[in-house]
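Student: If it helps, the file is called data_21.tsv and holds TSV, C-alpha atoms:
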chain	number	residue	atom	x	y	z
A	57	MET	CA	-25.28	22.67	-55.50
A	58	SER	CA	-23.65	20.77	-52.62
A	59	SER	CA	-25.90	17.77	-53.13
A	60	THR	CA	-25.24	17.90	-56.86
A	61	PHE	CA	-21.52	18.11	-56.18
A	62	ASP	CA	-21.63	15.15	-53.81
A	63	THR	CA	-23.36	13.04	-56.44
A	64	VAL	CA	-20.99	14.11	-59.22
A	65	ALA	CA	-17.90	13.61	-57.05
A	66	SER	CA	-19.07	10.14	-56.10
A	67	ILE	CA	-19.68	9.29	-59.76
A	68	ILE	CA	-16.20	10.49	-60.70
A	69	ALA	CA	-14.56	8.65	-57.81
A	70	GLU	CA	-16.28	5.40	-58.69
A	71	THR	CA	-15.96	5.66	-62.47
A	72	CYS	CA	-12.33	6.76	-62.61
A	73	ASP	CA	-11.02	5.20	-59.40
A	74	ILE	CA	-10.00	8.60	-58.03
A	75	PRO	CA	-9.93	9.03	-54.22
A	76	ARG	CA	-13.10	10.87	-53.27
A	77	ASP	CA	-11.30	13.23	-50.88
A	78	THR	CA	-9.12	14.59	-53.69
A	79	ILE	CA	-12.16	15.79	-55.64
A	80	THR	CA	-13.20	19.36	-54.78
A	81	PRO	CA	-15.59	21.89	-56.30
A	82	ASP	CA	-12.56	23.71	-57.74
A	83	SER	CA	-11.11	20.60	-59.39
A	84	HIS	CA	-10.82	20.73	-63.15
A	85	ALA	CA	-11.97	17.35	-64.44
A	86	ILE	CA	-9.35	17.25	-67.19
A	87	ASP	CA	-6.42	19.31	-65.90
A	88	ASP	CA	-6.56	18.39	-62.20
A	89	LEU	CA	-8.20	14.96	-62.13
A	90	GLY	CA	-6.74	13.70	-65.41
A	91	ILE	CA	-10.04	12.45	-66.76
A	92	ASP	CA	-9.82	11.73	-70.49
A	93	SER	CA	-12.61	12.01	-73.02
A	94	LEU	CA	-13.40	8.29	-72.93
A	95	ASP	CA	-13.75	8.22	-69.16
A	96	PHE	CA	-15.85	11.35	-69.41
A	97	LEU	CA	-18.35	9.41	-71.55
A	98	ASP	CA	-18.85	7.04	-68.62
A	99	ILE	CA	-19.23	10.00	-66.28
A	100	ALA	CA	-21.71	11.70	-68.62
A	101	PHE	CA	-23.71	8.45	-68.85
A	102	ALA	CA	-23.85	8.21	-65.05
A	103	ILE	CA	-24.73	11.92	-64.64
A	104	ASP	CA	-27.44	11.71	-67.31
A	105	LYS	CA	-28.96	8.73	-65.51
A	106	ALA	CA	-28.62	10.16	-62.01
A	107	PHE	CA	-30.22	13.52	-62.85
A	108	GLY	CA	-32.52	12.53	-65.73
A	109	ILE	CA	-30.85	14.99	-68.10
A	110	LYS	CA	-28.68	14.97	-71.21
A	111	LEU	CA	-25.42	16.85	-70.77
A	112	PRO	CA	-24.90	18.77	-74.04
A	113	LEU	CA	-21.33	17.53	-74.51
A	114	GLU	CA	-21.29	18.06	-78.27
A	115	GLN	CA	-22.36	21.68	-77.88
A	116	TRP	CA	-19.82	22.33	-75.13
A	117	THR	CA	-17.02	20.75	-77.15
A	118	GLN	CA	-17.95	22.83	-80.18
A	119	GLU	CA	-17.99	26.03	-78.11
A	120	VAL	CA	-14.55	25.26	-76.67
A	121	ASN	CA	-13.15	24.36	-80.11
A	122	ASP	CA	-14.57	27.57	-81.56
A	123	GLY	CA	-13.05	29.65	-78.77
A	124	LYS	CA	-16.49	30.75	-77.54
A	125	ALA	CA	-16.02	29.09	-74.15
A	126	THR	CA	-13.22	27.79	-71.97
A	127	THR	CA	-12.92	24.29	-70.58
A	128	GLU	CA	-13.10	25.87	-67.10
A	129	GLN	CA	-16.70	26.93	-67.77
A	130	TYR	CA	-17.81	23.33	-68.20
A	131	PHE	CA	-15.21	21.09	-66.60
A	132	VAL	CA	-14.38	22.79	-63.28
A	133	LEU	CA	-16.70	20.78	-61.08
A	134	LYS	CA	-18.53	23.68	-59.40
A	135	ASN	CA	-19.31	25.03	-62.87
A	136	LEU	CA	-20.29	21.59	-64.16
A	137	CYS	CA	-22.63	21.21	-61.17
A	138	ALA	CA	-24.15	24.63	-61.85
A	139	ARG	CA	-24.86	23.51	-65.44
A	140	ILE	CA	-26.41	20.31	-64.16
A	141	ASP	CA	-28.65	22.28	-61.80
A	142	GLU	CA	-29.71	24.51	-64.70
A	143	LEU	CA	-30.56	21.49	-66.85
A	144	VAL	CA	-32.52	19.87	-64.02
A	145	ALA	CA	-34.42	23.13	-63.41
A	146	ALA	CA	-35.13	23.54	-67.13
A	147	LYS	CA	-36.47	20.01	-67.29
A	148	ALA	CA	-38.76	20.60	-64.31
A	149	ALA	CA	-40.10	23.90	-65.69
B	63	MET	CA	-20.96	-13.76	-92.62
B	64	ARG	CA	-17.43	-13.20	-93.89
B	65	PRO	CA	-15.40	-12.70	-90.74
B	66	GLU	CA	-12.12	-12.37	-92.63
B	67	VAL	CA	-13.37	-9.00	-93.96
B	68	PHE	CA	-15.33	-8.09	-90.82
B	69	LYS	CA	-18.69	-8.67	-92.51
B	70	MET	CA	-20.38	-10.09	-89.44
B	71	ILE	CA	-24.04	-9.47	-90.22
B	72	ASP	CA	-25.94	-11.23	-93.00
B	73	ARG	CA	-29.36	-9.76	-92.40
B	74	VAL	CA	-31.16	-7.13	-90.37
B	75	VAL	CA	-34.25	-9.08	-89.29
B	76	SER	CA	-36.14	-6.33	-87.50
B	77	ILE	CA	-35.88	-2.90	-85.93
B	78	ASP	CA	-38.65	-1.98	-83.53
B	79	PRO	CA	-40.58	1.19	-84.39
B	80	SER	CA	-39.40	2.99	-81.26
B	81	LEU	CA	-35.79	2.39	-82.40
B	82	GLN	CA	-34.89	0.85	-79.07
B	83	LYS	CA	-34.14	-2.70	-80.28
B	84	ILE	CA	-32.72	-4.54	-83.26
B	85	HIS	CA	-32.43	-8.18	-84.29
B	86	CYS	CA	-29.82	-9.32	-86.83
B	87	GLN	CA	-28.50	-12.68	-88.00
B	88	GLY	CA	-25.12	-13.94	-89.06
B	89	LEU	CA	-24.23	-17.45	-90.25
B	90	VAL	CA	-20.72	-18.52	-89.28
B	91	PRO	CA	-19.18	-19.87	-92.51
B	92	GLU	CA	-17.88	-23.41	-92.82
B	93	GLU	CA	-14.70	-22.04	-94.38
B	94	SER	CA	-12.79	-18.86	-93.55
B	95	SER	CA	-9.12	-17.90	-93.46
B	96	ILE	CA	-9.52	-16.89	-89.79
B	97	PHE	CA	-9.89	-20.57	-88.91
B	98	GLU	CA	-6.37	-21.23	-90.18
B	99	GLY	CA	-5.10	-19.60	-87.02
B	100	HIS	CA	-8.08	-19.86	-84.66
B	101	PHE	CA	-7.38	-22.67	-84.20
B	102	PRO	CA	-5.39	-25.03	-86.42
B	103	GLY	CA	-7.43	-28.23	-86.56
B	104	TYR	CA	-10.09	-26.84	-84.21
B	105	PRO	CA	-12.00	-23.97	-85.82
B	106	ILE	CA	-13.98	-21.76	-83.43
B	107	MET	CA	-15.17	-18.18	-83.81
B	108	PRO	CA	-12.79	-15.76	-82.04
B	109	GLY	CA	-14.48	-14.07	-79.10
B	110	VAL	CA	-13.37	-10.65	-80.32
B	111	LEU	CA	-15.30	-11.25	-83.52
B	112	LEU	CA	-18.41	-12.21	-81.56
B	113	ILE	CA	-18.07	-8.85	-79.82
B	114	GLU	CA	-17.59	-7.26	-83.24
B	115	ALA	CA	-20.81	-8.93	-84.44
B	116	MET	CA	-22.68	-7.50	-81.45
B	117	ALA	CA	-21.09	-4.10	-82.12
B	118	GLN	CA	-22.15	-4.15	-85.78
B	119	THR	CA	-25.67	-5.14	-84.73
B	120	THR	CA	-25.78	-2.12	-82.44
B	121	GLY	CA	-24.20	0.00	-85.16
B	122	TRP	CA	-27.11	-0.62	-87.54
B	123	LEU	CA	-29.53	0.42	-84.81
B	124	VAL	CA	-27.61	3.62	-84.09
B	125	LEU	CA	-27.49	4.40	-87.81
B	126	ALA	CA	-31.26	3.93	-87.95
B	127	ARG	CA	-31.74	6.22	-84.95
B	128	ASN	CA	-29.86	9.08	-86.61
B	129	ARG	CA	-31.04	8.25	-90.15
B	130	PHE	CA	-27.47	7.68	-91.38
B	131	ASN	CA	-26.51	11.26	-90.63
B	132	LYS	CA	-23.74	10.23	-88.22
B	133	MET	CA	-21.58	7.16	-87.77
B	134	PRO	CA	-21.14	5.16	-84.54
B	135	PHE	CA	-17.62	4.11	-83.55
B	136	LEU	CA	-17.07	1.52	-80.83
B	137	ALA	CA	-15.48	3.13	-77.77
B	138	THR	CA	-15.97	0.86	-74.77
B	139	VAL	CA	-16.67	-2.84	-74.19
B	140	LYS	CA	-17.90	-3.69	-70.71
B	141	GLU	CA	-18.92	-6.89	-69.03
B	142	ALA	CA	-18.21	-8.98	-72.11
B	143	LYS	CA	-19.05	-12.61	-71.44
B	144	LEU	CA	-18.30	-15.41	-73.90
B	145	ARG	CA	-20.24	-18.38	-72.60
B	146	THR	CA	-19.59	-21.12	-75.11
B	147	PHE	CA	-17.71	-21.95	-78.30
B	148	VAL	CA	-19.28	-20.87	-81.58
B	149	LEU	CA	-18.50	-23.24	-84.44
B	150	PRO	CA	-18.55	-23.07	-88.24
B	151	GLY	CA	-22.05	-23.51	-89.65
B	152	GLN	CA	-23.86	-22.09	-86.63
B	153	ASN	CA	-26.38	-19.31	-87.13
B	154	LEU	CA	-26.22	-16.44	-84.66
B	155	ASP	CA	-29.16	-14.33	-83.62
B	156	LEU	CA	-27.85	-10.95	-82.50
B	157	TYR	CA	-29.84	-8.50	-80.43
B	158	SER	CA	-29.14	-5.02	-79.16
B	159	GLU	CA	-31.11	-2.63	-77.01
B	160	ILE	CA	-30.35	1.02	-76.35
B	161	LEU	CA	-29.74	1.78	-72.68
B	162	HIS	CA	-28.99	5.47	-73.11
B	163	GLU	CA	-28.43	8.03	-75.83
B	164	GLY	CA	-26.34	10.92	-74.64
B	165	SER	CA	-24.85	13.88	-76.45
B	166	GLY	CA	-22.50	12.29	-78.98
B	167	PHE	CA	-22.58	8.81	-77.49
B	168	VAL	CA	-24.81	5.76	-77.15
B	169	VAL	CA	-24.76	2.93	-74.61
B	170	ALA	CA	-26.36	-0.40	-75.51
B	171	LYS	CA	-26.90	-3.83	-74.03
B	172	THR	CA	-26.24	-6.51	-76.60
B	173	GLN	CA	-26.49	-10.29	-76.83
B	174	ALA	CA	-25.86	-13.17	-79.21
B	175	MET	CA	-28.02	-16.29	-79.11
B	176	LEU	CA	-27.66	-19.73	-80.62
B	177	GLU	CA	-30.92	-21.61	-81.07
B	178	GLY	CA	-32.46	-19.51	-78.32
B	179	LYS	CA	-29.58	-19.96	-75.91
B	180	LEU	CA	-27.56	-16.96	-74.73
B	181	ILE	CA	-23.95	-17.41	-75.76
B	182	CYS	CA	-22.42	-13.97	-75.31
B	183	SER	CA	-23.29	-10.52	-74.06
B	184	ALA	CA	-21.74	-7.13	-73.43
B	185	GLU	CA	-22.48	-3.50	-72.68
B	186	LEU	CA	-21.10	-1.35	-75.49
B	187	THR	CA	-20.54	2.40	-75.74
B	188	PHE	CA	-20.18	4.16	-79.07
B	189	ARG	CA	-19.09	7.62	-79.95
B	190	VAL	CA	-21.47	8.99	-82.58
B	191	LEU	CA	-19.56	11.29	-84.91
B	192	PRO	CA	-19.92	13.05	-88.23
B	193	TRP	CA	-19.01	10.84	-91.18
B	194	PRO	CA	-15.34	10.99	-92.12
B	195	GLU	CA	-14.61	12.61	-95.45
B	196	GLY	CA	-14.35	10.16	-98.32
B	197	LYS	CA	-16.32	7.14	-99.39
B	198	MET	CA	-17.17	5.58	-96.04
B	199	LYS	CA	-20.80	6.66	-95.98
B	200	PRO	CA	-21.68	5.44	-99.49
B	201	VAL	CA	-19.93	2.16	-98.79
B	202	VAL	CA	-21.88	1.68	-95.57
B	203	MET	CA	-25.11	2.55	-97.39
B	204	LYS	CA	-24.26	-0.13	-99.97
B	205	VAL	CA	-23.63	-2.68	-97.24
B	206	ALA	CA	-26.98	-1.67	-95.73
B	207	GLU	CA	-28.70	-2.80	-98.92
B	208	HIS	CA	-26.87	-6.12	-98.84
B	209	VAL	CA	-27.98	-6.86	-95.27
B	210	SER	CA	-31.62	-5.92	-95.97
B	211	PHE	CA	-31.46	-2.83	-93.78
B	212	PRO	CA	-34.78	-0.98	-94.25
B	213	LEU	CA	-33.26	2.14	-95.79
B	214	ALA	CA	-36.62	3.47	-96.93
B	215	ASP	CA	-37.81	3.62	-93.33
B	216	PHE	CA	-34.67	4.68	-91.53
B	217	ALA	CA	-32.44	6.74	-93.82
B	218	ASP	CA	-32.75	10.20	-95.28
B	219	ALA	CA	-32.77	10.30	-99.06
For this file, produce the structure as structure tokens.

Tutor:
Amino acid sequence: MSSTFDTVASIIAETCDIPRDTITPDSHAIDDLGIDSLDFLDIAFAIDKAFGIKLPLEQWTQEVNDGKATTEQYFVLKNLCARIDELVAAKAA
Amino acid sequence: MRPEVFKMIDRVVSIDPSLQKIHCQGLVPEESSIFEGHFPGYPIMPGVLLIEAMAQTTGWLVLARNRFNKMPFLATVKEAKLRTFVLPGQNLDLYSEILHEGSGFVVAKTQAMLEGKLICSAELTFRVLPWPEGKMKPVVMKVAEHVSFPLADFADA
């Protein structure tokens, strides 16, 4: 997870011009880092490319809108990284 | 092309079978009300409309990729370069290539050429969303016919 986090944090820092040292595993991408949905498209593009996956953003958004999930489950970075690791593992299986 | 009503594409020339690339054409008209202001006595195509032409080119490709079941909306313009003036009467060849299709968004590299010479380029990101309620989809389908979009190949009945 730490290597995944390092990659994701670097992507966020570069894409959104956020100081790298302010990004922690407990940071909420929206509430703490102030990343909006348009910037998150850039981040998703970079994550998809870096890990060879396709973040299921539409599904996550639908689940949050339907009250079946919280934004913390997907947008707190340690949770986001855990999802990325799952997607990478599923792709390799 | 009728830039005053944002009709930037005259014809879809080709879409490759893998749905990665598209080629469209648009002839800049000799007369258009946009030239009254851009610029008086020196008509040139506004750069923003060249970007719009590249966006519409990409839009037809994204529509083909999802068989007209969702609509692309321009979200980001990156690295836009406008290399030379485009004048009335010039025929643009517009190309777009998909760089990445994510969940609910598409990123494409797009270019406009004039007689084989690159005149503008950009990286464009689109949100791909359900059609809005109302008549937008049937209107776009109608426009597709007018620009020779191959509906039989790339649209659900």

Student: So that each row is one residue of chain B with an atom at most 9 Å from chain A, can you give its shortest atom pair and the distance in Å to one decimal, using only C-alpha atoms, rows by chain and rising number, as CSV?

Tutor:
residue,atom,partner,partner_atom,distance
B:Ala137,CA,A:Leu94,CA,7.4
B:Thr138,CA,A:Leu94,CA,8.1
B:His162,CA,A:Phe101,CA,7.4
B:Glu163,CA,A:Lys110,CA,8.3
B:Gly164,CA,A:Lys110,CA,5.8
B:Ser165,CA,A:Leu113,CA,5.4
B:Gly166,CA,A:Glu114,CA,5.9
B:Phe167,CA,A:Leu97,CA,7.3
B:Val168,CA,A:Phe101,CA,8.8
B:Val169,CA,A:Phe101,CA,8.0
B:Thr187,CA,A:Leu97,CA,8.5
B:Arg189,CA,A:Leu97,CA,8.6

Student: Got time to write the residues from that selection, C-alpha atoms, as a compact mmCIF listing (two decimals), keeping the file's coordinate frame?

Tutor:
# COMPACT_ATOMS: atom_id res chain seq x y z
CA ALA B 137 -15.48 3.13 -77.77
CA THR B 138 -15.97 0.86 -74.77
CA HIS B 162 -28.99 5.47 -73.11
CA GLU B 163 -28.43 8.03 -75.83
CA GLY B 164 -26.34 10.92 -74.64
CA SER B 165 -24.85 13.88 -76.45
CA GLY B 166 -22.50 12.29 -78.98
CA PHE B 167 -22.58 8.81 -77.49
CA VAL B 168 -24.81 5.76 -77.15
CA VAL B 169 -24.76 2.93 -74.61
CA THR B 187 -20.54 2.40 -75.74
CA ARG B 189 -19.09 7.62 -79.95

Student: List as a PyMOL selection string the protein and nucleic acid residues near Leu180 (chain B), meaning an atom at most 12 Å away when all atoms listed in the file are counted, but skip any in the same chain fewer than 3 places from it.

Tutor: chain B and resi 143-148+154-157+172-177+183-184

Student: Out of B:Val209, B:Ile96, B:Cys182, B:Ala217, which residue has the shortest atom-to-atom distance to Pro108 (chain B) when counting only C-alpha atoms?

Tutor: B:Ile96

Student: Tell me, in Å to one decimal, how far CA of Pro212 (chain B) is from CA of Arg127 (chain B).

Tutor: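 Separation of CA of Pro212 (chain B) and CA of Arg127 (chain B): 12.1 Å.
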
Student: May I ask which of the residues A:Ala148, A:Ala106, A:Ile99, A:Leu136 is the closest one to Asp82 (chain A), counting only C-alpha atoms?

Tutor: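 Under the stated criterion, the closest residue is A:Leu136.
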
Student: Could you check the closest approach to Ala117 (chain B) for each of B:Leu149, B:Ala170, B:Ile77, B:Ala206 and tell me which residue wins, using only C-alpha atoms?

Tutor: B:Ala170

Student: Choose the residue, out of A:Ile140, A:Asp73, A:Thr127, A:Asp92, that has the smallest atom-to-atom separation from Phe61 (chain A); count all atoms listed in the file.

Tutor: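 Selected residue with least distance to Phe61 (chain A): A:Ile140.
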
Student: Using only C-alpha atoms, pick whichever of A:Ile67, A:Val132, A:Leu143, A:Ala125 has the shortest atom-to-atom distance to His84 (chain A).

Tutor: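 Checking each of A:Ile67, A:Val132, A:Leu143, A:Ala125 against His84 (chain A), counting only C-alpha atoms, the winner is A:Val132.
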
Student: So that I can see what lies close to Glu159 (chain B), please list as a PyMOL selection string the residues with an atom at most 6 Å from it, counting all atoms listed in the file and leaving out residues fewer than 4 positions away in the same chain.

Tutor: chain B and resi 82-83+170-171

Student: Counting all atoms listed in the file, what is within 9 Å of Ile91 (chain A), bar same-chain residues fewer than 6 positions away, as a VMD selection string?

Tutor: chain A and resid 68 72 85

Student: So, counting only C-alpha atoms, which residue among B:Ser94, B:Ser210, B:Gln152, B:Asn131 is closest to Leu191 (chain B)?

Tutor: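 So, comparing all the options, the nearest one is B:Asn131.
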
Student: Set the distance at 9 Å and use all atoms listed in the file: which residues neighbour Pro105 (chain B) once local chain neighbours fewer than 3 positions away are removed? I'd like the list as an MDAnalysis selection string.

Tutor: chainID B and resid 96:102 148:150

Student: Could you list, as a ChimeraX atom specification, every residue within 12 Å of Val205 (chain B), counting only C-alpha atoms and ignoring same-chain residues fewer than 6 positions away?

Tutor: /B:68-74,118,122,198-199,211-213

Student: How many Å separate CA of Lys134 (chain A) from CA of Asp88 (chain A)?

Tutor: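 Spanning CA of Lys134 (chain A) to CA of Asp88 (chain A) is a straight-line distance of 13.4 Å.
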
Student: Assuming 4 Å of padding per side, give the centre and edge lengths of the axis-aligned box around every listed atom of region 73-81 of chain A, in Å to one decimal and as lines of an AutoDock Vina configuration file.

Tutor:
center_x = -12.4
center_y = 13.5
center_z = -55.1
size_x = 14.5
size_y = 24.7
size_z = 16.5

Student: To one decimal in Å, tell me the separation between CA of Ala145 (chain A) and CA of Phe131 (chain A).

Tutor: 19.6 Å
